[in-house]
>>> print(open('coords01.txt').read())   # compact mmCIF, C-alpha atoms and all ligand atoms
# COMPACT_ATOMS: atom_id res chain seq x y z
CA MET A 94 -0.84 24.21 5.13
CA LYS A 95 -3.43 21.47 5.54
CA THR A 96 -1.99 18.05 4.98
CA ASN A 97 -3.41 14.56 4.81
CA LEU A 98 -2.23 11.12 5.79
CA LEU A 99 -4.07 8.14 4.33
CA VAL A 100 -3.76 4.93 6.36
CA VAL A 101 -4.83 1.70 4.65
CA ASN A 102 -5.03 -1.38 6.88
CA ALA A 103 -5.38 -4.81 5.29
CA SER A 104 -5.02 -7.18 8.24
CA ALA A 105 -8.06 -9.35 8.98
CA ARG A 106 -7.04 -9.19 12.64
CA VAL A 107 -7.72 -6.27 14.92
CA THR A 108 -6.45 -6.86 18.46
CA ARG A 109 -3.36 -8.95 17.65
CA SER A 110 -2.34 -7.35 14.38
CA VAL A 111 1.31 -6.32 14.13
CA THR A 112 0.77 -4.23 11.01
CA ARG A 113 -2.12 -2.30 12.55
CA GLN A 114 0.01 -1.47 15.59
CA LEU A 115 2.94 -0.35 13.47
CA ALA A 116 0.78 1.65 11.06
CA ALA A 117 -0.79 3.36 14.09
CA ARG A 118 2.66 4.12 15.45
CA LEU A 119 3.71 5.71 12.15
CA ALA A 120 0.44 7.64 12.01
CA SER A 121 1.06 8.90 15.52
CA ALA A 122 4.56 10.08 14.56
CA TRP A 123 3.07 11.88 11.57
CA GLN A 124 0.29 13.48 13.64
CA GLY A 125 2.84 14.70 16.19
CA ALA A 126 4.68 16.56 13.47
CA HIS A 127 1.50 17.68 11.69
CA PRO A 128 -0.95 18.57 14.49
CA GLU A 129 -3.28 20.30 12.04
CA GLY A 130 -3.12 17.37 9.64
CA CYS A 131 -6.01 15.06 8.91
CA ILE A 132 -5.72 11.27 9.08
CA VAL A 133 -8.03 9.35 6.76
CA SER A 134 -8.44 5.69 7.64
CA ARG A 135 -9.39 3.16 4.98
CA ASP A 136 -9.87 -0.13 6.78
CA ILE A 137 -10.02 -2.71 4.01
CA GLY A 138 -9.34 -5.52 6.49
CA LEU A 139 -12.63 -4.86 8.27
CA GLU A 140 -14.55 -3.51 5.29
CA PRO A 141 -13.17 -5.22 2.18
CA PRO A 142 -13.63 -3.35 -1.08
CA ALA A 143 -16.00 -5.12 -3.46
CA ALA A 144 -14.41 -7.31 -6.08
CA ILE A 145 -14.68 -5.74 -9.52
CA ASP A 146 -17.31 -7.33 -11.75
CA GLU A 147 -18.44 -7.22 -15.37
CA ALA A 148 -20.45 -4.01 -14.90
CA TRP A 149 -17.41 -2.34 -13.29
CA ILE A 150 -15.15 -3.33 -16.18
CA ALA A 151 -17.65 -2.18 -18.80
CA ALA A 152 -18.01 1.15 -16.99
CA ALA A 153 -14.25 1.61 -16.64
CA TYR A 154 -13.77 1.13 -20.37
CA THR A 155 -16.63 3.49 -21.28
CA PRO A 156 -15.49 7.12 -21.76
CA ALA A 157 -16.50 9.15 -18.70
CA GLU A 158 -18.80 11.46 -20.68
CA ALA A 159 -20.68 8.48 -22.15
CA ARG A 160 -21.27 6.61 -18.88
CA THR A 161 -24.82 5.94 -17.74
CA ALA A 162 -25.92 6.71 -14.20
CA GLY A 163 -25.62 3.01 -13.45
CA GLN A 164 -22.06 2.93 -14.75
CA HIS A 165 -21.12 5.92 -12.60
CA ALA A 166 -22.61 4.02 -9.65
CA SER A 167 -20.51 0.95 -10.52
CA LEU A 168 -17.37 3.11 -10.28
CA SER A 169 -18.33 5.12 -7.21
CA LEU A 170 -16.21 3.11 -4.73
CA SER A 171 -13.30 3.23 -7.17
CA GLU A 172 -13.69 7.03 -7.37
CA THR A 173 -13.76 7.31 -3.58
CA LEU A 174 -10.63 5.19 -3.13
CA ILE A 175 -8.74 7.06 -5.86
CA ALA A 176 -9.81 10.42 -4.42
CA GLU A 177 -8.43 9.37 -1.02
CA ILE A 178 -5.07 8.66 -2.62
CA GLU A 179 -5.09 11.93 -4.56
CA ALA A 180 -5.95 13.94 -1.44
CA ALA A 181 -3.16 12.34 0.62
CA ASP A 182 0.28 13.87 1.03
CA VAL A 183 1.62 10.69 2.60
CA ILE A 184 0.26 7.13 2.59
CA VAL A 185 0.82 4.30 5.08
CA ILE A 186 -0.26 0.79 4.12
CA GLY A 187 -0.24 -1.96 6.73
CA THR A 188 -0.47 -5.42 5.25
CA PRO A 189 0.20 -9.01 6.29
CA LEU A 190 1.88 -11.54 4.03
CA TYR A 191 -0.87 -14.06 3.33
CA ASN A 192 -0.14 -17.23 1.40
CA PHE A 193 3.05 -15.83 -0.14
CA GLY A 194 1.29 -12.74 -1.45
CA MET A 195 -1.03 -9.88 -0.67
CA PRO A 196 -4.32 -10.38 1.19
CA ALA A 197 -7.31 -10.63 -1.15
CA VAL A 198 -8.71 -7.41 0.29
CA LEU A 199 -5.57 -5.53 -0.74
CA LYS A 200 -5.78 -7.01 -4.24
CA SER A 201 -9.41 -5.83 -4.38
CA TRP A 202 -8.25 -2.33 -3.36
CA ILE A 203 -5.61 -2.43 -6.10
CA GLU A 204 -8.17 -3.55 -8.69
CA GLN A 205 -10.49 -0.73 -7.65
CA ILE A 206 -7.77 1.94 -8.05
CA VAL A 207 -6.10 0.74 -11.25
CA ARG A 208 -8.33 2.41 -13.87
CA VAL A 209 -7.51 3.12 -17.49
CA GLY A 210 -7.83 6.81 -18.28
CA ARG A 211 -8.05 7.63 -14.57
CA THR A 212 -4.92 6.40 -12.79
CA PHE A 213 -2.96 5.21 -15.82
CA GLU A 214 -3.26 5.64 -19.55
CA ILE A 215 -2.32 3.66 -22.59
CA VAL A 216 -0.11 5.58 -25.00
CA THR A 217 -0.01 4.42 -28.61
CA SER A 218 2.95 5.37 -30.75
CA ALA A 219 4.84 4.05 -33.78
CA GLU A 220 6.73 1.74 -31.37
CA GLY A 221 3.49 0.23 -30.06
CA GLU A 222 1.59 0.61 -26.82
CA SER A 223 3.03 1.74 -23.52
CA TYR A 224 1.61 2.79 -20.18
CA ARG A 225 1.81 6.16 -18.45
CA PRO A 226 1.03 6.67 -14.76
CA LEU A 227 -1.46 9.42 -13.91
CA LEU A 228 -1.05 9.73 -10.13
CA ALA A 229 1.37 12.25 -8.64
CA PRO A 230 4.30 10.75 -6.73
CA LYS A 231 4.12 11.00 -2.94
CA PRO A 232 5.77 9.11 -0.07
CA VAL A 233 4.25 5.71 0.66
CA VAL A 234 5.37 3.55 3.60
CA VAL A 235 4.24 -0.07 3.51
CA VAL A 236 4.49 -2.06 6.76
CA VAL A 237 4.57 -5.80 6.07
CA SER A 238 4.42 -8.52 8.71
CA ALA A 239 5.23 -12.16 7.99
CA GLY A 240 4.90 -15.10 10.32
CA ASN A 241 8.17 -16.53 9.05
CA GLY A 242 11.25 -14.29 8.93
CA ALA A 243 12.63 -16.39 6.06
CA PHE A 244 10.30 -14.35 3.81
CA LEU A 245 12.18 -11.14 4.68
CA PRO A 246 14.89 -9.77 2.36
CA GLY A 247 17.92 -12.05 2.37
CA GLY A 248 15.94 -14.88 3.95
CA GLU A 249 15.71 -18.40 2.62
CA HIS A 250 12.23 -17.85 1.14
CA ALA A 251 12.61 -14.17 0.22
CA GLY A 252 12.07 -15.03 -3.45
CA LEU A 253 8.65 -16.42 -2.54
CA ASN A 254 7.49 -13.16 -1.00
CA PHE A 255 5.33 -12.02 -3.91
CA LEU A 256 3.61 -9.33 -1.88
CA VAL A 257 6.46 -6.81 -1.87
CA PRO A 258 7.41 -6.87 -5.58
CA HIS A 259 3.78 -7.05 -6.70
CA LEU A 260 2.54 -4.22 -4.50
CA GLY A 261 5.62 -2.10 -5.22
CA HIS A 262 5.13 -2.60 -8.93
CA MET A 263 1.43 -1.80 -8.91
CA LEU A 264 1.91 1.40 -6.89
CA GLY A 265 4.70 2.44 -9.23
CA PHE A 266 2.56 1.60 -12.25
CA LEU A 267 0.16 4.32 -11.10
CA GLY A 268 2.95 6.82 -10.35
CA LEU A 269 3.45 6.12 -6.63
CA THR A 270 7.14 5.44 -7.06
CA GLU A 271 8.36 6.70 -3.67
CA THR A 272 7.52 3.57 -1.72
CA THR A 273 9.44 2.33 1.31
CA PHE A 274 8.79 -1.15 2.68
CA VAL A 275 9.30 -1.91 6.37
CA GLN A 276 9.19 -5.68 6.75
CA VAL A 277 8.93 -7.38 10.13
CA GLU A 278 8.72 -10.88 11.48
CA GLU A 279 5.63 -11.25 13.64
CA ALA A 280 7.28 -12.91 16.65
CA ALA A 281 10.18 -10.45 16.72
CA ALA A 282 7.80 -7.53 16.37
CA LYS A 283 5.84 -8.74 19.38
CA GLN A 284 8.98 -9.08 21.49
CA SER A 285 10.22 -5.54 21.05
CA ASP A 286 9.17 -2.28 19.50
CA ASP A 287 12.59 -0.71 19.68
CA TRP A 288 14.08 -1.04 16.19
CA PRO A 289 16.31 1.49 14.50
CA GLU A 290 14.53 0.86 11.19
CA LEU A 291 11.15 1.70 12.68
CA ALA A 292 12.59 4.86 14.18
CA VAL A 293 13.81 5.80 10.70
CA ALA A 294 10.32 5.18 9.34
CA GLU A 295 8.90 7.40 12.08
CA ASP A 296 11.39 10.11 11.13
CA LEU A 297 10.24 9.72 7.56
CA MET A 298 6.67 10.32 8.67
CA ARG A 299 7.69 13.40 10.66
CA SER A 300 9.83 15.01 8.01
CA SER A 301 8.49 13.57 4.75
CA ILE A 302 11.99 12.48 3.80
CA ARG A 303 11.50 11.03 0.39
CA HIS A 304 13.96 8.14 0.44
CA VAL A 305 15.45 5.91 3.12
CA SER A 306 18.62 3.92 2.73
CA PRO A 307 18.07 0.17 2.65
CA GLY A 308 18.37 -1.22 6.17
CA GLN A 309 20.42 -4.21 7.15
CA ARG A 310 18.89 -7.62 6.92
CA GLY A 311 17.29 -8.72 10.13
CA ARG A 312 13.97 -8.89 11.82
CA VAL A 313 13.12 -5.54 10.27
CA ALA A 314 14.16 -4.61 6.77
CA MET A 315 13.63 -1.42 4.87
CA GLU A 316 13.96 -0.99 1.18
CA THR A 317 12.71 1.37 -1.43
CA ALA A 318 10.67 -0.24 -4.16
CA PRO A 319 12.33 -0.71 -7.54
CA SER A 320 11.07 1.55 -10.27
CA ALA A 321 8.09 0.01 -11.99
CA HIS A 322 8.99 1.23 -15.45
C1 LIG A 401 -4.33 -16.71 5.97
C2 LIG A 401 -2.91 -16.49 6.43
C3 LIG A 401 -1.88 -16.75 5.55
C4 LIG A 401 -0.55 -16.53 5.96
N1 LIG A 401 0.46 -16.80 5.08
C5 LIG A 401 1.74 -16.57 5.47
C6 LIG A 401 2.82 -16.82 4.58
O1 LIG A 401 2.65 -17.22 3.42
N2 LIG A 401 4.08 -16.61 5.02
C7 LIG A 401 4.33 -16.15 6.30
O2 LIG A 401 5.50 -15.96 6.65
N3 LIG A 401 3.32 -15.88 7.16
C8 LIG A 401 2.04 -16.08 6.77
N4 LIG A 401 1.01 -15.81 7.62
C9 LIG A 401 1.31 -15.17 8.93
C10 LIG A 401 1.08 -13.66 8.87
O3 LIG A 401 1.85 -13.07 7.84
C11 LIG A 401 1.45 -13.01 10.19
O4 LIG A 401 0.63 -13.57 11.21
C12 LIG A 401 1.32 -11.52 10.19
O5 LIG A 401 1.82 -11.00 11.40
C13 LIG A 401 -0.13 -11.09 10.00
O6 LIG A 401 -0.24 -9.67 10.02
P1 LIG A 401 -0.99 -8.97 11.25
O7 LIG A 401 -0.18 -9.29 12.50
O8 LIG A 401 -0.98 -7.53 10.93
O9 LIG A 401 -2.37 -9.55 11.32
C14 LIG A 401 -0.29 -16.04 7.24
C15 LIG A 401 -1.36 -15.77 8.13
C16 LIG A 401 -2.65 -15.99 7.73
C17 LIG A 401 -3.78 -15.71 8.69
>>> encode(input="coords01.txt", output="structure tokens")
Amino acid sequence: MKTNLLVVNASARVTRSVTRQLAARLASAWQGAHPEGCIVSRDIGLEPPAAIDEAWIAAAYTPAEARTAGQHASLSLSETLIAEIEAADVIVIGTPLYNFGMPAVLKSWIEQIVRVGRTFEIVTSAEGESYRPLLAPKPVVVVVSAGNGAFLPGGEHAGLNFLVPHLGHMLGFLGLTETTFVQVEEAAAKQSDDWPELAVAEDLMRSSIRHVSPGQRGRVAMETAPSAH
């Protein structure tokens, strides 16, 4: 059966990027196990998605059947990015920790894919309004690199790592609840590429295991994202 891996890279660096190297390693493990599979690369680090603007918002909140040609054009990148997610069986996201949070390009990608009536819906009931995700669950592995290991789970500044909870929540908000984070410290990652946790992530790519036990605290940490609902 044809299968797809979507790789999203958010690092602004190319040659020295830890997350690009690790995402490539996971993609290679996946390709080895799925030789017929197709890898789709979405390089938001090199080609940042446009920031949403007033026309985009107006189009997103106009029912699809009532949109003008211009409004469809405003949403065309959003449609492309969402279609890439829908077509994927597995997703790898490589992202640095920038300024305690996600890179702006990754936030732009999130804003392009979070669309009312398309990737989530608002449900009104007697109890009030609630949200329902519209994307099908599928395994997502997020490789995070931080310059300072204190931002890793259990570290002194772990509570200031807003990237992991924010990204995990947003993916879950859309229905992508099977997210595993592999978090590395840049210097340690550059010293060695022989980590048990990375090997587990590679196994996950090969076998599409849905959940991985949380790893021990250290230079590499794995955890599954908390449910967003
Ligand atoms: C603009 C910028 C902001 C950064 N902010 C942080 C930060 O808040 N905390 C941290 O530990 N490292 C920070 N770093 C270091 C990166 O997280 C680290 O270099 C990481 O390895 C980058 O990912 P990459 O190797 O895939 O490019 C920052 C780096 C840059 C360029």
>>> residues_near_ligand(input="coords01.txt", ligand="ligand LIG 401 (chain A)", cutoff="6 Å", atoms="all atoms listed in the file", output="PyMOL selection string")
chain A and resi 104+106+110-113+189-193+238-241+244+279
>>> atom_distance(input="coords01.txt", atom1="atom CA of A:Trp202", atom2="atom CA of A:Ala126")
28.4 Å
>>> residues_around(input="coords01.txt", residues="A:Ser134", least_positions_apart="5", cutoff="9 Å", atoms="only C-alpha atoms", output="JSON, numbers by chain")
{"A": [98, 99, 100, 101, 102]}
>>> closest_residue(input="coords01.txt", among="A:Thr212, A:Gln164, A:Asn254, A:Ser171", to="A:Val237", atoms="only C-alpha atoms")
A:Asn254
>>> residues_around(input="coords01.txt", residues="A:Val183", least_positions_apart="6", cutoff="8 Å", atoms="only C-alpha atoms", output="list of chain:residue names")
A:Asn97, A:Leu98, A:Leu99, A:Lys231, A:Pro232, A:Val233, A:Met298, A:Ser301
>>> closest_residue(input="coords01.txt", among="A:Ser121, A:Thr173, A:Thr273, A:Gln114", to="A:Asp286", atoms="all atoms listed in the file")
A:Gln114
>>> residues_around(input="coords01.txt", residues="A:Pro142", least_positions_apart="4", cutoff="9 Å", atoms="all atoms listed in the file", output="list in words")
Ile137, Gly138, Leu170, Ser171, Val198, Leu199, Ser201, Trp202 and Gln205 of chain A
>>> closest_residue(input="coords01.txt", among="A:Ile145, A:Ala120, A:Ala181, A:Val257", to="A:Ser167", atoms="all atoms listed in the file")
A:Ile145
>>> atom_distance(input="coords01.txt", atom1="atom CA of A:Arg211", atom2="atom CA of A:Arg135")
20.1 Å
>>> closest_residue(input="coords01.txt", among="A:Ala122, A:Ala116, A:Phe255, A:Val107", to="A:Arg299", atoms="only C-alpha atoms")
A:Ala122
>>> atom_distance(input="coords01.txt", atom1="atom CA of A:Trp123", atom2="atom CA of A:Ile184")
10.5 Å
>>> residues_around(input="coords01.txt", residues="A:His165", least_positions_apart="5", cutoff="9 Å", atoms="all atoms listed in the file", output="number ranges by chain")
A: 152, 157, 160
>>> closest_residue(input="coords01.txt", among="A:Ser300, A:Thr188, A:Thr161, A:Val209", to="A:His127", atoms="all atoms listed in the file")
A:Ser300
>>> closest_residue(input="coords01.txt", among="A:Lys283, A:Ala197, A:Asp136, A:Ala151", to="A:Gly163", atoms="all atoms listed in the file")
A:Ala151
